[in-house]
Structures are given as structure tokens and as C-alpha cells.
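Heads up, query20.pdb below (PDB, C-alpha atoms (C1' of nucleotides)):
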```pdb
ATOM      1  CA  MET A   1      80.169  43.366  53.038
ATOM      2  CA  PRO A   2      78.220  45.969  51.098
ATOM      3  CA  ASN A   3      76.171  48.363  53.123
ATOM      4  CA  ARG A   4      72.821  47.282  51.819
ATOM      5  CA  VAL A   5      73.545  43.752  52.942
ATOM      6  CA  LEU A   6      74.370  45.023  56.412
ATOM      7  CA  VAL A   7      71.200  47.013  56.526
ATOM      8  CA  ALA A   8      69.154  44.056  55.324
ATOM      9  CA  LYS A   9      70.743  41.980  58.048
ATOM     10  CA  GLU A  10      69.873  44.426  60.762
ATOM     11  CA  LEU A  11      66.392  44.856  59.422
ATOM     12  CA  ALA A  12      66.014  41.088  59.522
ATOM     13  CA  GLU A  13      66.983  41.173  63.189
ATOM     14  CA  ILE A  14      64.130  43.466  63.945
ATOM     15  CA  PHE A  15      61.707  41.342  62.000
ATOM     16  CA  LYS A  16      62.956  38.368  63.947
ATOM     17  CA  VAL A  17      62.252  40.061  67.225
ATOM     18  CA  ALA A  18      58.775  40.905  66.040
ATOM     19  CA  ALA A  19      58.236  37.422  64.673
ATOM     20  CA  HIS A  20      56.649  35.865  67.708
ATOM     21  CA  PRO A  21      52.969  35.958  68.653
ATOM     22  CA  ASP A  22      53.691  36.650  72.314
ATOM     23  CA  ARG A  23      55.993  39.497  71.499
ATOM     24  CA  ILE A  24      53.571  40.985  69.030
ATOM     25  CA  ARG A  25      50.901  40.973  71.686
ATOM     26  CA  MET A  26      53.291  42.456  74.205
ATOM     27  CA  ILE A  27      54.146  45.276  71.860
ATOM     28  CA  GLU A  28      50.491  45.953  71.293
ATOM     29  CA  GLU A  29      49.871  46.026  75.036
ATOM     30  CA  LEU A  30      52.706  48.481  75.476
ATOM     31  CA  ARG A  31      51.354  50.591  72.681
ATOM     32  CA  GLN A  32      50.310  53.406  74.907
ATOM     33  CA  ALA A  33      50.844  52.456  78.490
ATOM     34  CA  GLU A  34      53.741  51.015  80.395
ATOM     35  CA  PHE A  35      53.379  47.768  82.290
ATOM     36  CA  ASP A  36      55.299  45.741  84.781
ATOM     37  CA  VAL A  37      56.172  42.147  84.068
ATOM     38  CA  ASN A  38      53.400  40.622  86.124
ATOM     39  CA  SER A  39      50.670  42.729  84.627
ATOM     40  CA  LEU A  40      51.820  41.796  81.170
ATOM     41  CA  ALA A  41      51.963  38.152  82.116
ATOM     42  CA  GLU A  42      48.435  38.258  83.473
ATOM     43  CA  ARG A  43      46.991  40.194  80.598
ATOM     44  CA  LEU A  44      48.454  37.846  78.061
ATOM     45  CA  ASP A  45      48.021  34.754  80.180
ATOM     46  CA  LEU A  46      51.648  33.741  79.924
ATOM     47  CA  PRO A  47      54.091  32.438  82.531
ATOM     48  CA  GLY A  48      56.130  35.200  84.142
ATOM     49  CA  PRO A  49      59.553  33.900  83.193
ATOM     50  CA  ARG A  50      58.505  33.733  79.587
ATOM     51  CA  VAL A  51      57.424  37.321  79.548
ATOM     52  CA  SER A  52      60.662  38.199  81.215
ATOM     53  CA  GLN A  53      62.640  36.418  78.540
ATOM     54  CA  HIS A  54      60.766  38.099  75.760
ATOM     55  CA  LEU A  55      61.386  41.435  77.405
ATOM     56  CA  ALA A  56      65.076  40.670  77.731
ATOM     57  CA  LEU A  57      65.248  40.003  74.021
ATOM     58  CA  MET A  58      63.362  43.149  73.165
ATOM     59  CA  ARG A  59      65.526  45.107  75.565
ATOM     60  CA  ALA A  60      68.654  43.768  73.898
ATOM     61  CA  HIS A  61      67.328  45.076  70.608
ATOM     62  CA  ARG A  62      66.232  48.347  72.136
ATOM     63  CA  LEU A  63      62.606  47.850  71.322
ATOM     64  CA  VAL A  64      61.684  48.445  74.937
ATOM     65  CA  GLU A  65      63.171  50.305  77.837
ATOM     66  CA  GLU A  66      62.919  49.650  81.529
ATOM     67  CA  ARG A  67      62.136  51.929  84.391
ATOM     68  CA  ARG A  68      62.065  50.915  88.031
ATOM     69  CA  ASP A  69      59.422  51.811  90.493
ATOM     70  CA  GLY A  70      59.902  50.209  93.854
ATOM     71  CA  ARG A  71      60.335  46.572  93.189
ATOM     72  CA  ARG A  72      58.639  46.432  89.912
ATOM     73  CA  HIS A  73      60.130  46.884  86.509
ATOM     74  CA  LEU A  74      58.051  48.967  84.196
ATOM     75  CA  TYR A  75      58.524  48.566  80.497
ATOM     76  CA  HIS A  76      57.648  50.868  77.658
ATOM     77  CA  LEU A  77      58.324  50.990  73.936
ATOM     78  CA  THR A  78      61.437  52.865  72.949
ATOM     79  CA  GLN A  79      59.735  53.968  69.757
ATOM     80  CA  PRO A  80      55.979  53.723  70.152
ATOM     81  CA  GLU A  81      55.569  54.065  66.397
ATOM     82  CA  ILE A  82      56.737  50.498  66.098
ATOM     83  CA  ALA A  83      53.312  49.395  67.254
ATOM     84  CA  GLN A  84      51.744  51.189  64.328
ATOM     85  CA  TRP A  85      54.183  49.616  61.981
ATOM     86  CA  ILE A  86      53.202  46.206  63.244
ATOM     87  CA  VAL A  87      49.544  46.933  62.865
ATOM     88  CA  ALA A  88      50.262  48.007  59.306
ATOM     89  CA  GLY A  89      51.414  44.457  58.722
ATOM     90  CA  LEU A  90      47.791  43.392  59.099
ATOM     91  CA  ASP A  91      47.330  44.492  55.514
ATOM     92  CA  PHE A  92      49.182  41.373  54.550
ATOM     93  CA  VAL A  93      47.512  38.736  56.673
ATOM     94  CA  GLU A  94      44.157  38.780  54.981
ATOM     95  CA  GLY A  95      43.380  35.918  52.661
ATOM     96  CA  ARG A  96      45.910  33.602  54.217
ATOM     97  CA  LEU A  97      45.605  29.894  54.883
ATOM     98  CA  ALA A  98      44.765  29.899  58.570
ATOM     99  CA  GLY A  99      41.171  30.152  59.646
ATOM    100  CA  ILE A 100      41.095  33.866  60.104
ATOM    101  CA  SER A 101      38.095  35.757  58.951
ATOM    102  CA  PRO A 102      38.272  39.314  57.648
ATOM    103  CA  SER A 103      36.176  40.360  60.588
ATOM    104  CA  ALA A 104      38.717  38.912  63.010
ATOM    105  CA  ILE A 105      41.341  41.045  61.360
ATOM    106  CA  ARG A 106      39.152  44.100  61.483
ATOM    107  CA  SER A 107      38.529  43.612  65.150
ATOM    108  CA  ALA A 108      42.211  43.061  65.875
ATOM    109  CA  ARG A 109      43.053  46.187  63.972
ATOM    110  CA  ALA A 110      40.424  48.114  65.858
ATOM    111  CA  LEU A 111      41.698  46.814  69.149
ATOM    112  CA  TRP A 112      45.281  47.668  68.335
ATOM    113  CA  THR A 113      44.472  51.023  66.874
ATOM    114  CA  ALA A 114      41.973  52.380  69.365
ATOM    115  CA  PRO A 115      43.064  55.451  71.280
ATOM    116  CA  ALA A 116      42.145  54.096  74.715
ATOM    117  CA  PRO A 117      45.102  52.205  76.122
ATOM    118  CA  ASP A 118      43.208  50.385  78.820
ATOM    119  CA  ASP A 119      41.112  47.338  79.421
ATOM    120  CA  PRO A 120      40.872  45.589  76.070
ATOM    121  CA  GLN A 121      37.985  43.163  75.792
ATOM    122  CA  THR A 122      37.165  40.208  73.506
TER     123      THR A 122
ATOM    124  CA  MET B   1      41.782  30.522  71.092
ATOM    125  CA  PRO B   2      40.739  34.141  71.086
ATOM    126  CA  ASN B   3      40.767  35.892  67.763
ATOM    127  CA  ARG B   4      43.440  38.364  68.638
ATOM    128  CA  VAL B   5      45.806  35.534  69.473
ATOM    129  CA  LEU B   6      45.117  33.969  66.098
ATOM    130  CA  VAL B   7      45.765  37.216  64.367
ATOM    131  CA  ALA B   8      48.981  37.749  66.290
ATOM    132  CA  LYS B   9      50.037  34.284  65.294
ATOM    133  CA  GLU B  10      49.421  34.878  61.640
ATOM    134  CA  LEU B  11      51.102  38.237  61.798
ATOM    135  CA  ALA B  12      54.097  36.553  63.372
ATOM    136  CA  GLU B  13      54.212  34.183  60.415
ATOM    137  CA  ILE B  14      54.584  37.058  58.048
ATOM    138  CA  PHE B  15      57.280  38.629  60.150
ATOM    139  CA  LYS B  16      59.045  35.313  60.143
ATOM    140  CA  VAL B  17      59.015  35.154  56.389
ATOM    141  CA  ALA B  18      60.413  38.657  56.223
ATOM    142  CA  ALA B  19      62.975  37.922  58.912
ATOM    143  CA  HIS B  20      65.828  36.862  56.710
ATOM    144  CA  PRO B  21      68.369  39.140  55.060
ATOM    145  CA  ASP B  22      68.246  37.275  51.757
ATOM    146  CA  ARG B  23      64.501  37.432  51.621
ATOM    147  CA  ILE B  24      64.438  41.089  52.497
ATOM    148  CA  ARG B  25      66.777  41.802  49.644
ATOM    149  CA  MET B  26      64.743  39.646  47.326
ATOM    150  CA  ILE B  27      61.596  41.513  48.179
ATOM    151  CA  GLU B  28      63.346  44.780  47.536
ATOM    152  CA  GLU B  29      64.562  43.538  44.179
ATOM    153  CA  LEU B  30      61.057  42.493  43.267
ATOM    154  CA  ARG B  31      59.756  45.844  44.358
ATOM    155  CA  GLN B  32      58.870  46.964  40.889
ATOM    156  CA  ALA B  33      60.059  44.429  38.397
ATOM    157  CA  GLU B  34      59.671  40.712  38.085
ATOM    158  CA  PHE B  35      62.699  38.465  37.938
ATOM    159  CA  ASP B  36      63.504  34.892  37.202
ATOM    160  CA  VAL B  37      65.377  32.788  39.704
ATOM    161  CA  ASN B  38      68.760  33.092  38.072
ATOM    162  CA  SER B  39      68.652  36.831  37.731
ATOM    163  CA  LEU B  40      67.791  37.143  41.376
ATOM    164  CA  ALA B  41      70.553  34.752  42.324
ATOM    165  CA  GLU B  42      73.075  36.732  40.329
ATOM    166  CA  ARG B  43      71.944  40.118  41.553
ATOM    167  CA  LEU B  44      72.115  39.023  45.156
ATOM    168  CA  ASP B  45      75.104  36.784  44.715
ATOM    169  CA  LEU B  46      73.435  33.758  46.204
ATOM    170  CA  PRO B  47      73.388  30.107  45.153
ATOM    171  CA  GLY B  48      70.470  29.267  42.889
ATOM    172  CA  PRO B  49      68.923  26.574  45.068
ATOM    173  CA  ARG B  50      68.882  28.940  47.995
ATOM    174  CA  VAL B  51      66.988  31.561  46.086
ATOM    175  CA  SER B  52      64.630  28.872  44.956
ATOM    176  CA  GLN B  53      63.982  27.776  48.503
ATOM    177  CA  HIS B  54      63.371  31.278  49.692
ATOM    178  CA  LEU B  55      60.941  31.741  46.836
ATOM    179  CA  ALA B  56      59.156  28.523  47.722
ATOM    180  CA  LEU B  57      58.674  29.779  51.248
ATOM    181  CA  MET B  58      57.432  33.143  50.097
ATOM    182  CA  ARG B  59      55.159  31.456  47.601
ATOM    183  CA  ALA B  60      53.709  29.267  50.336
ATOM    184  CA  HIS B  61      52.878  32.414  52.245
ATOM    185  CA  ARG B  62      51.553  34.163  49.162
ATOM    186  CA  LEU B  63      54.092  36.918  49.296
ATOM    187  CA  VAL B  64      55.092  36.213  45.728
ATOM    188  CA  GLU B  65      53.455  34.710  42.687
ATOM    189  CA  GLU B  66      54.958  32.835  39.817
ATOM    190  CA  ARG B  67      54.468  33.214  36.116
ATOM    191  CA  ARG B  68      56.099  30.995  33.510
ATOM    192  CA  ASP B  69      57.705  32.173  30.379
ATOM    193  CA  GLY B  70      59.278  29.379  28.426
ATOM    194  CA  ARG B  71      61.569  27.638  30.791
ATOM    195  CA  ARG B  72      61.996  30.377  33.236
ATOM    196  CA  HIS B  73      59.923  31.141  36.267
ATOM    197  CA  LEU B  74      59.223  34.784  36.771
ATOM    198  CA  TYR B  75      58.358  35.978  40.204
ATOM    199  CA  HIS B  76      56.622  39.107  41.361
ATOM    200  CA  LEU B  77      55.223  40.404  44.634
ATOM    201  CA  THR B  78      51.605  39.559  45.276
ATOM    202  CA  GLN B  79      51.193  42.845  47.122
ATOM    203  CA  PRO B  80      53.916  45.252  46.059
ATOM    204  CA  GLU B  81      53.095  47.470  49.018
ATOM    205  CA  ILE B  82      54.830  44.952  51.198
ATOM    206  CA  ALA B  83      58.137  46.345  49.962
ATOM    207  CA  GLN B  84      57.211  49.745  51.277
ATOM    208  CA  TRP B  85      56.211  48.279  54.568
ATOM    209  CA  ILE B  86      59.612  46.681  54.870
ATOM    210  CA  VAL B  87      61.384  49.889  54.034
ATOM    211  CA  ALA B  88      59.321  51.572  56.729
ATOM    212  CA  GLY B  89      60.998  49.216  59.168
ATOM    213  CA  LEU B  90      64.216  51.106  58.548
ATOM    214  CA  ASP B  91      62.935  53.682  61.003
ATOM    215  CA  PHE B  92      63.749  51.192  63.701
ATOM    216  CA  VAL B  93      67.227  50.070  62.753
ATOM    217  CA  GLU B  94      69.002  53.309  63.477
ATOM    218  CA  GLY B  95      71.050  53.472  66.632
ATOM    219  CA  ARG B  96      71.428  49.730  66.939
ATOM    220  CA  LEU B  97      74.468  47.761  68.034
ATOM    221  CA  ALA B  98      75.816  46.710  64.669
ATOM    222  CA  GLY B  99      78.228  48.959  62.839
ATOM    223  CA  ILE B 100      75.691  50.678  60.696
ATOM    224  CA  SER B 101      76.011  54.358  60.106
ATOM    225  CA  PRO B 102      73.036  56.640  59.587
ATOM    226  CA  SER B 103      74.313  57.302  56.105
ATOM    227  CA  ALA B 104      74.261  53.594  55.299
ATOM    228  CA  ILE B 105      70.632  53.532  56.287
ATOM    229  CA  ARG B 106      69.885  56.604  54.257
ATOM    230  CA  SER B 107      71.474  55.104  51.194
ATOM    231  CA  ALA B 108      69.636  51.826  51.642
ATOM    232  CA  ARG B 109      66.393  53.687  51.990
ATOM    233  CA  ALA B 110      67.137  55.706  48.893
ATOM    234  CA  LEU B 111      67.973  52.586  46.961
ATOM    235  CA  TRP B 112      64.838  50.789  48.071
ATOM    236  CA  THR B 113      62.634  53.775  47.531
ATOM    237  CA  ALA B 114      63.870  55.102  44.225
ATOM    238  CA  PRO B 115      61.398  55.003  41.373
ATOM    239  CA  ALA B 116      63.715  53.339  38.854
ATOM    240  CA  PRO B 117      63.477  49.577  39.217
ATOM    241  CA  ASP B 118      66.624  48.785  37.300
ATOM    242  CA  ASP B 119      70.321  48.483  37.737
ATOM    243  CA  PRO B 120      70.999  49.369  41.340
ATOM    244  CA  GLN B 121      74.567  50.329  42.069
ATOM    245  CA  THR B 122      76.708  50.492  45.234
TER     246      THR B 122
ATOM    247  C1'  DT C   1      65.457  11.606  20.882
ATOM    248  C1'  DA C   2      69.400  13.559  23.363
ATOM    249  C1'  DT C   3      71.153  17.753  25.355
ATOM    250  C1'  DT C   4      71.158  21.715  27.666
ATOM    251  C1'  DT C   5      69.188  25.232  30.530
ATOM    252  C1'  DA C   6      66.456  26.742  34.408
ATOM    253  C1'  DT C   7      64.511  25.435  38.515
ATOM    254  C1'  DC C   8      62.989  22.517  42.132
ATOM    255  C1'  DT C   9      63.300  18.910  45.723
ATOM    256  C1'  DG C  10      65.389  16.041  49.247
ATOM    257  C1'  DC C  11      68.315  15.339  52.938
ATOM    258  C1'  DA C  12      71.549  15.592  56.596
ATOM    259  C1'  DA C  13      74.421  18.659  59.420
ATOM    260  C1'  DA C  14      74.765  22.824  61.911
ATOM    261  C1'  DA C  15      72.893  26.793  63.949
ATOM    262  C1'  DT C  16      68.985  29.019  66.421
ATOM    263  C1'  DA C  17      64.899  29.538  68.940
ATOM    264  C1'  DT C  18      61.419  28.136  72.198
ATOM    265  C1'  DC C  19      59.654  26.186  76.408
ATOM    266  C1'  DG C  20      59.223  24.808  81.057
ATOM    267  C1'  DC C  21      61.097  24.811  85.408
ATOM    268  C1'  DA C  22      63.991  25.492  89.296
ATOM    269  C1'  DT C  23      66.981  28.683  91.241
ATOM    270  C1'  DT C  24      68.875  33.173  92.199
ATOM    271  C1'  DC C  25      68.897  38.078  92.758
ATOM    272  C1'  DT C  26      66.956  42.510  94.539
ATOM    273  C1'  DT C  27      64.129  45.386  96.785
ATOM    274  C1'  DT C  28      60.719  46.373 100.024
ATOM    275  C1'  DA C  29      58.020  45.375 104.044
ATOM    276  C1'  DA C  30      57.446  42.939 108.507
TER     277       DA C  30
ATOM    278  C1'  DT D   1      67.201  40.348 109.986
ATOM    279  C1'  DT D   2      63.749  37.823 107.961
ATOM    280  C1'  DA D   3      60.319  37.039 104.876
ATOM    281  C1'  DA D   4      57.925  37.893 100.711
ATOM    282  C1'  DA D   5      57.158  39.908  96.274
ATOM    283  C1'  DG D   6      58.670  40.805  91.642
ATOM    284  C1'  DA D   7      61.902  39.694  88.108
ATOM    285  C1'  DA D   8      65.789  37.687  86.006
ATOM    286  C1'  DT D   9      68.742  33.820  84.912
ATOM    287  C1'  DG D  10      70.385  29.112  83.885
ATOM    288  C1'  DC D  11      69.766  25.135  81.507
ATOM    289  C1'  DG D  12      68.287  20.854  79.436
ATOM    290  C1'  DA D  13      64.880  19.097  76.139
ATOM    291  C1'  DT D  14      62.611  20.148  71.878
ATOM    292  C1'  DA D  15      61.407  22.308  67.934
ATOM    293  C1'  DT D  16      62.430  25.052  63.862
ATOM    294  C1'  DT D  17      65.516  27.182  60.442
ATOM    295  C1'  DT D  18      69.326  27.597  57.659
ATOM    296  C1'  DT D  19      72.835  25.728  54.653
ATOM    297  C1'  DG D  20      75.113  23.181  51.200
ATOM    298  C1'  DC D  21      74.842  19.833  47.899
ATOM    299  C1'  DA D  22      73.427  16.070  44.995
ATOM    300  C1'  DG D  23      70.046  14.562  42.215
ATOM    301  C1'  DA D  24      65.430  14.921  40.000
ATOM    302  C1'  DT D  25      62.141  17.571  36.786
ATOM    303  C1'  DA D  26      60.548  20.165  33.046
ATOM    304  C1'  DA D  27      60.836  22.735  28.956
ATOM    305  C1'  DA D  28      63.215  24.197  24.884
ATOM    306  C1'  DT D  29      66.521  23.308  21.434
ATOM    307  C1'  DA D  30      69.676  20.680  18.481
TER     308       DA D  30
END
```

Would you encode the structure as C-alpha cells?
Amino acid sequence: MPNRVLVAKELAEIFKVAAHPDRIRMIEELRQAEFDVNSLAERLDLPGPRVSQHLALMRAHRLVEERRDGRRHLYHLTQPEIAQWIVAGLDFVEGRLAGISPSAIRSARALWTAPAPDDPQT
Amino acid sequence: MPNRVLVAKELAEIFKVAAHPDRIRMIEELRQAEFDVNSLAERLDLPGPRVSQHLALMRAHRLVEERRDGRRHLYHLTQPEIAQWIVAGLDFVEGRLAGISPSAIRSARALWTAPAPDDPQT
DNA sequence: TATTTATCTGCAAAATATCGCATTCTTTAA
DNA sequence: TTAAAGAATGCGATATTTTGCAGATAAATA
């Protein structure tokens, strides 16, 4: 198999990992700070096991790394720049079918681009 | 549903469309030039109907647009910058499980970044 | 009009992914 | 040692995607 096909395949794997709303939100949460599983679950309002599964997948693809502190598992992005890359994808969501207004996109971008890592509102 | 969830959802849709090796290669082919279905199929060594299906999906998500010339359908990227965005993802494939060497990544990047749209080798 | 060329559509089979729970594992605290 | 907290795992039930073809369309040409 030619190299460029291999590379395309691997690239597709990464896109696949990113291709889930929960995981996108998790990555954006982990943008600057590290979180344990429960905190992530609460922030995103998702069941714990689900968050755990998503993290396992991301771990398998080295998108996140784990660190233990007492009995909690703290996760952080292996390459924080990946969050920026994802936000860059917002350039391509505008003008799409779903009922998303430009202002919604602007506010998402602001939220996911702001320097302060803590306590997102809206 | 909060806005940021909607946006994450839509973003995930785009990642999903990009999350296929064939489609990644197609997007890279369309980077600068437009192609008809057969040319794409030949260049990528894929069955015609498959290319057509991929194109239908990308069309549905407005990643590509169609133009007719006689009996052929010419496709081009709606937002050519999307190709660059995909190439930027290469930053995250290095050091992953699969047997991909850094040089393979470099050469893919070169190929998908080069100014000349025509006749890729290797 | 009949053919040929280029592309699209439809469908079923196979492969993957997601979801919701119950259970298990580990580590700390009582 | 026991109990409890925090996470991970297992697994069936359901989607969703991908694939491979066969057949249907549409446009140009003979």
C-alpha cells in the first residue's frame, strides 16, 4: 500500500476520534486544564461510564494522557494544539443545514478560544 | 439544547465526512483542480460508484460543488481551505501505532501542500 | 432513434459505532 | 478489614457506515 494511502488512513482515524459531539466537547474542556472523569461528566452532563469510554478511545489514539492523583484519574490533552485545530473546523460549519445561527458559531468560537480555562457559561 | 452542543454536533458531522481515507484523498486531489468522477476514480484507484457515493455525501454536506460540462460532472471544493485544514491534521498523526514513518508523513505533507495541482507521483 | 459514455441510485450484507446498564477493579478512608 | 468513592470494563441491543453490485438515468454521438 502506497504511503499516502497509509497516511490518509491514519488521518481518517484521527478524524473519526474527533467525529463525536461528546468527544469534541471533552477536548474543548481539556483545552487548558486537566479534569478527572467525574468533573468532565458533570460539566458535560453525561453518564460517567460514557465519558470513561470516550476517554479510553482517545487514550488508545494518544489524544489524551492520564495521570493519577489519589483515586482520581486526571486527563489532559497530549497535544493541546489539537483543540485549536478543532476550533479551526468551525470555519466550515457556517451556512450548513442545521439550525445554527452565525452568532451561535461566534459564541462557540469565543468560548473555545478564550484564554480563561475555567467556568464556561451559556 | 444549548448552542454549544449544537455547534459541537455540527462540527462532528464535518469530522465524520472527513473521517474516511477515500474522502480525504479525494479532498486532497480536489485541492486545486476540479475533476470529473472517472478521473478521480482512476487517480485513486477506486470503483466509480464508490467515488460517486462519496461525492454525494460531500455534496450533501456542501464540501463540494458540482458543475456540468457535457456529460461529465466536474467537482470542486466549496471551500478550498478545507484541504489545508486537513493537512494541518497531519501534525497529530506522528508517533501513532500504525507503521507510518515520519518520512512518510513528510512526503504526504509535501504532496498535499505543493503548489502544482497536477500529476502527483509516488 | 439506438448506442455509448459518464454518473447516479438502490439494496442487501458485512463491518463498526453508540448507548445504557450492571458489574468489577482499585485506591483511599473509616 | 470494611466500606465507599472513582473509574473501567463487559455486553447485548441498536444505530450507522461501508461495500459491492446490478440496474436506472441522462447526455452526446452515430

Please check the contacts: residues of chain A at most 7 Å away from chain B, using only C-alpha atoms, listed as a PyMOL selection string. chain A and resi 3-4+7-13+15-16+18-21+24-25+89-90+93+104-105+108

Can you write out the residues you just picked, keeping C-alpha atoms, as a JSON list (two decimals), in the coordinates of the input?
```
[["chain", "number", "residue", "atom", "x", "y", "z"],
["A", 3, "ASN", "CA", 76.17, 48.36, 53.12],
["A", 4, "ARG", "CA", 72.82, 47.28, 51.82],
["A", 7, "VAL", "CA", 71.20, 47.01, 56.53],
["A", 8, "ALA", "CA", 69.15, 44.06, 55.32],
["A", 9, "LYS", "CA", 70.74, 41.98, 58.05],
["A", 10, "GLU", "CA", 69.87, 44.43, 60.76],
["A", 11, "LEU", "CA", 66.39, 44.86, 59.42],
["A", 12, "ALA", "CA", 66.01, 41.09, 59.52],
["A", 13, "GLU", "CA", 66.98, 41.17, 63.19],
["A", 15, "PHE", "CA", 61.71, 41.34, 62.00],
["A", 16, "LYS", "CA", 62.96, 38.37, 63.95],
["A", 18, "ALA", "CA", 58.78, 40.90, 66.04],
["A", 19, "ALA", "CA", 58.24, 37.42, 64.67],
["A", 20, "HIS", "CA", 56.65, 35.86, 67.71],
["A", 21, "PRO", "CA", 52.97, 35.96, 68.65],
["A", 24, "ILE", "CA", 53.57, 40.98, 69.03],
["A", 25, "ARG", "CA", 50.90, 40.97, 71.69],
["A", 89, "GLY", "CA", 51.41, 44.46, 58.72],
["A", 90, "LEU", "CA", 47.79, 43.39, 59.10],
["A", 93, "VAL", "CA", 47.51, 38.74, 56.67],
["A", 104, "ALA", "CA", 38.72, 38.91, 63.01],
["A", 105, "ILE", "CA", 41.34, 41.04, 61.36],
["A", 108, "ALA", "CA", 42.21, 43.06, 65.88]]
```

Find the residues around range 12-15 of chain D up to 9 Å (all atoms listed in the file counted), leave out those fewer than 5 positions away in its own chain, and share them as a PyMOL selection string. chain C and resi 17-19

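One finds CA of Arg67 in chain A at 14.2 Å from C1' of DT27 in chain C.
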
Taking all atoms listed in the file into account, report as a PyMOL selection string which residues of chain C lie within 12 Å of chain B. chain C and resi 4-10

Find, counting all atoms listed in the file, the residue in A:Leu30, A:Val64, A:Met58, A:Pro102 that gets nearest to Arg43 in chain A. A:Leu30

Give as number ranges by chain every residue of chain D that touches chain B within 8 Å, counting only C-alpha atoms (C1' of nucleotides). D: 26-28

Find the residues near range 12-15 of chain C: any atom within 12 Å, counting all atoms listed in the file, skip ones fewer than 2 places away on the same chain, and give them as an mmCIF file with C-alpha atoms (C1' of nucleotides), in the coordinates of the input.
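Final output, saved to around_23.cif:
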```cif
data_model
loop_
_atom_site.group_PDB
_atom_site.id
_atom_site.type_symbol
_atom_site.label_atom_id
_atom_site.label_comp_id
_atom_site.auth_asym_id
_atom_site.auth_seq_id
_atom_site.Cartn_x
_atom_site.Cartn_y
_atom_site.Cartn_z
ATOM 1 C "C1'" DG C 10 65.389 16.041 49.247
ATOM 2 C "C1'" DA C 17 64.899 29.538 68.940
ATOM 3 C "C1'" DT D 16 62.430 25.052 63.862
ATOM 4 C "C1'" DT D 17 65.516 27.182 60.442
ATOM 5 C "C1'" DT D 18 69.326 27.597 57.659
ATOM 6 C "C1'" DT D 19 72.835 25.728 54.653
ATOM 7 C "C1'" DG D 20 75.113 23.181 51.200
ATOM 8 C "C1'" DC D 21 74.842 19.833 47.899
ATOM 9 C "C1'" DA D 22 73.427 16.070 44.995
#
```

C-alpha atoms (C1' of nucleotides) of chain C, written as a JSON list (two decimals), in the first residue's frame:
```json
[["chain", "number", "residue", "atom", "x", "y", "z"],
["C", 1, "DT", "C1'", -33.74, 6.59, -32.82],
["C", 2, "DA", "C1'", -30.23, 3.47, -30.97],
["C", 3, "DT", "C1'", -25.79, 3.35, -28.77],
["C", 4, "DT", "C1'", -22.39, 4.54, -25.92],
["C", 5, "DT", "C1'", -20.35, 7.06, -22.18],
["C", 6, "DA", "C1'", -20.47, 9.04, -17.62],
["C", 7, "DT", "C1'", -22.70, 9.03, -13.45],
["C", 8, "DC", "C1'", -26.12, 8.05, -10.09],
["C", 9, "DT", "C1'", -29.26, 5.20, -7.26],
["C", 10, "DG", "C1'", -30.91, 1.20, -4.76],
["C", 11, "DC", "C1'", -30.26, -2.59, -1.94],
["C", 12, "DA", "C1'", -28.62, -6.19, 0.93],
["C", 13, "DA", "C1'", -24.66, -7.99, 3.51],
["C", 14, "DA", "C1'", -20.93, -7.05, 6.50],
["C", 15, "DA", "C1'", -18.42, -4.19, 9.48],
["C", 16, "DT", "C1'", -18.42, -0.50, 13.05],
["C", 17, "DA", "C1'", -20.01, 2.55, 16.44],
["C", 18, "DT", "C1'", -23.02, 4.02, 20.11],
["C", 19, "DC", "C1'", -25.73, 3.53, 24.24],
["C", 20, "DG", "C1'", -27.31, 2.05, 28.60],
["C", 21, "DC", "C1'", -26.57, -0.69, 32.39],
["C", 22, "DA", "C1'", -24.73, -3.87, 35.63],
["C", 23, "DT", "C1'", -20.57, -5.48, 37.36],
["C", 24, "DT", "C1'", -15.76, -5.31, 38.58],
["C", 25, "DC", "C1'", -11.47, -3.26, 39.88],
["C", 26, "DT", "C1'", -8.57, -0.06, 42.71],
["C", 27, "DT", "C1'", -7.48, 3.06, 45.93],
["C", 28, "DT", "C1'", -8.36, 5.56, 49.94],
["C", 29, "DA", "C1'", -10.67, 6.34, 54.24],
["C", 30, "DA", "C1'", -13.25, 4.55, 58.28]]
```
